[in-house]
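**Student:** Dropping in coords_9.cif, with mmCIF, C-alpha atoms.
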```cif
data_protein
loop_
_atom_site.group_PDB
_atom_site.id
_atom_site.type_symbol
_atom_site.label_atom_id
_atom_site.label_comp_id
_atom_site.auth_asym_id
_atom_site.auth_seq_id
_atom_site.Cartn_x
_atom_site.Cartn_y
_atom_site.Cartn_z
ATOM 1 C CA MET A 4 0.000 0.000 0.000
ATOM 2 C CA ALA A 5 2.785 2.431 0.912
ATOM 3 C CA ALA A 6 4.573 1.724 -2.369
ATOM 4 C CA ARG A 7 1.499 2.818 -4.320
ATOM 5 C CA LYS A 8 1.300 6.070 -2.358
ATOM 6 C CA LYS A 9 4.971 6.800 -3.017
ATOM 7 C CA LYS A 10 4.564 6.152 -6.753
ATOM 8 C CA LYS A 11 1.491 8.366 -6.873
ATOM 9 C CA ALA A 12 3.296 11.175 -5.033
ATOM 10 C CA ALA A 13 6.291 10.843 -7.366
ATOM 11 C CA ARG A 14 4.031 11.133 -10.411
ATOM 12 C CA ARG A 15 2.385 14.247 -9.006
ATOM 13 C CA ALA A 16 5.763 15.810 -8.245
ATOM 14 C CA ALA A 17 7.002 15.048 -11.766
ATOM 15 C CA LYS A 18 4.009 16.829 -13.269
ATOM 16 C CA ARG A 19 4.692 19.930 -11.189
ATOM 17 C CA GLY A 20 8.344 20.007 -12.201
ATOM 18 C CA PRO A 21 11.422 20.208 -10.038
ATOM 19 C CA ALA A 22 10.468 21.651 -6.655
ATOM 20 C CA GLU A 23 13.975 22.168 -5.378
ATOM 21 C CA LEU A 24 17.491 22.121 -6.713
ATOM 22 C CA ILE A 25 19.431 18.876 -6.577
ATOM 23 C CA ILE A 26 22.688 20.774 -6.896
ATOM 24 C CA SER A 27 24.234 22.781 -4.070
ATOM 25 C CA LYS A 28 24.444 26.518 -4.677
ATOM 26 C CA ALA A 29 27.202 26.921 -2.090
ATOM 27 C CA ARG A 30 29.347 24.139 -3.535
ATOM 28 C CA THR A 31 28.795 25.381 -7.075
ATOM 29 C CA LYS A 32 29.828 28.900 -6.101
ATOM 30 C CA ALA A 33 32.855 27.587 -4.195
ATOM 31 C CA THR A 34 33.984 25.646 -7.261
ATOM 32 C CA VAL A 35 33.953 28.711 -9.506
ATOM 33 C CA ARG A 36 37.248 30.548 -9.053
ATOM 34 C CA LYS A 37 37.469 33.555 -11.387
ATOM 35 C CA CYS A 38 33.837 34.450 -12.144
ATOM 36 C CA ASN A 39 30.675 35.430 -10.356
ATOM 37 C CA VAL A 40 27.684 33.090 -10.548
ATOM 38 C CA GLY A 41 24.390 34.548 -11.766
ATOM 39 C CA SER A 42 21.153 33.413 -10.138
ATOM 40 C CA GLU A 43 19.821 31.897 -13.375
ATOM 41 C CA PHE A 44 22.941 29.712 -13.680
ATOM 42 C CA TYR A 45 21.822 27.469 -10.815
ATOM 43 C CA GLN A 46 18.492 26.639 -12.477
ATOM 44 C CA ALA A 47 20.208 25.942 -15.802
ATOM 45 C CA LEU A 48 22.836 23.746 -14.144
ATOM 46 C CA ASP A 49 20.160 21.869 -12.218
ATOM 47 C CA ALA A 50 18.185 21.256 -15.430
ATOM 48 C CA LYS A 51 21.310 19.941 -17.189
ATOM 49 C CA VAL A 52 22.130 17.604 -14.281
ATOM 50 C CA ARG A 53 18.554 16.275 -14.316
ATOM 51 C CA GLU A 54 18.871 15.618 -18.082
ATOM 52 C CA LEU A 55 22.132 13.720 -17.522
ATOM 53 C CA ILE A 56 20.569 11.608 -14.776
ATOM 54 C CA LYS A 57 17.508 10.817 -16.894
ATOM 55 C CA ALA A 58 19.641 9.797 -19.878
ATOM 56 C CA ALA A 59 21.881 7.656 -17.658
ATOM 57 C CA GLU A 60 18.837 5.967 -16.156
ATOM 58 C CA GLU A 61 17.409 5.204 -19.600
ATOM 59 C CA ARG A 62 20.759 3.768 -20.719
ATOM 60 C CA ALA A 63 21.039 1.565 -17.626
ATOM 61 C CA LEU A 64 17.495 0.257 -18.070
ATOM 62 C CA GLY A 65 18.198 -0.319 -21.765
ATOM 63 C CA ASN A 66 21.130 -2.484 -20.710
ATOM 64 C CA LYS A 67 18.859 -4.367 -18.269
ATOM 65 C CA ARG A 68 20.512 -2.895 -15.173
ATOM 66 C CA LYS A 69 19.005 -1.122 -12.200
ATOM 67 C CA THR A 70 22.281 0.425 -11.108
ATOM 68 C CA LEU A 71 23.608 3.649 -12.578
ATOM 69 C CA LYS A 72 27.298 3.513 -13.379
ATOM 70 C CA ALA A 73 29.789 6.107 -14.578
ATOM 71 C CA VAL A 74 29.698 4.558 -18.038
ATOM 72 C CA ASP A 75 26.018 5.591 -18.304
ATOM 73 C CA LEU A 76 27.053 9.229 -18.398
#
```
Rewrite the coordinates I just gave you, this time as structure tokens.

**Tutor:**
Amino acid sequence: MAARKKKKAARRAAKRGPAELIISKARTKATVRKCNVGSEFYQALDAKVRELIKAAEERALGNKRKTLKAVDL
């Protein structure tokens, strides 16, 4: 029963779009050495990371695996 509720909640969240960033603003800013980081950069970076994860997941499933590996990137 709980598994169904989790799946339903995940589907609803996916329809709404990303609620929060999966990247860390502080770590991103700390990594950048010689430039400032604009506020829109974080959203764009987060979107790109989500695309990479989705593509890696599709590749892993296509190879009949349930584990993401570095090769999937």

**Student:** What are the centre and edge lengths in Å, to one decimal, of the axis-aligned box around all listed atoms of range 33-45 of chain A with 5 Å added on each side, as lines of an AutoDock Vina configuration file?

**Tutor:**
```
center_x = 28.6
center_y = 30.5
center_z = -8.9
size_x = 27.6
size_y = 19.8
size_z = 19.5
```

**Student:** Mind checking which residues fall within 7 Å of range 65-76 of chain A, counting only C-alpha atoms, ignoring those fewer than 5 positions away in the same chain, and posting them as a PDB file with C-alpha atoms, in the coordinates of the input?

**Tutor:**
```pdb
ATOM      1  CA  LEU A  55      22.132  13.720 -17.522  1.00  0.00           C
ATOM      2  CA  ALA A  59      21.881   7.656 -17.658  1.00  0.00           C
ATOM      3  CA  GLU A  60      18.837   5.967 -16.156  1.00  0.00           C
TER       4      GLU A  60
END
```

**Student:** Quick one: of A:Lys28, A:Arg14, A:Arg62, A:Lys8, who's nearest to Ser42 in chain A, counting all atoms listed in the file?

**Tutor:**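 Going through A:Lys28, A:Arg14, A:Arg62, A:Lys8 one by one, the smallest distance to Ser42 in chain A is for A:Lys28.
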
**Student:** Could you tell me how far CA of Leu64 in chain A lies from CA of Lys9 in chain A, in Å and to one decimal?

**Tutor:**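 The value is 20.6 Å.
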
**Student:** Could you tell me which of A:Leu48, A:Ala12, A:Ala58, A:Ala63 comes closest to Lys32 in chain A if we count only C-alpha atoms?

**Tutor:** A:Leu48

**Student:** Counting all atoms listed in the file, what is within 9 Å of Tyr45 in chain A, bar same-chain residues fewer than 5 positions away, as number ranges by chain?

**Tutor:** A: 24, 26-28, 31, 40, 50

**Student:** Mind pulling up the distance from CA of Ala29 in chain A to CA of Gly41 in chain A?

**Tutor:** 12.6 Å

**Student:** Which residue, A:Arg7, A:Ile25, A:Val35, A:Glu61, has the smallest gap to Asp49 in chain A when you use only C-alpha atoms?

**Tutor:**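 Of all the options, A:Ile25 lies closest to Asp49 in chain A.
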
**Student:** So how far away is CA of Arg53 in chain A from CA of Lys11 in chain A, in Å?

**Tutor:** 20.2 Å
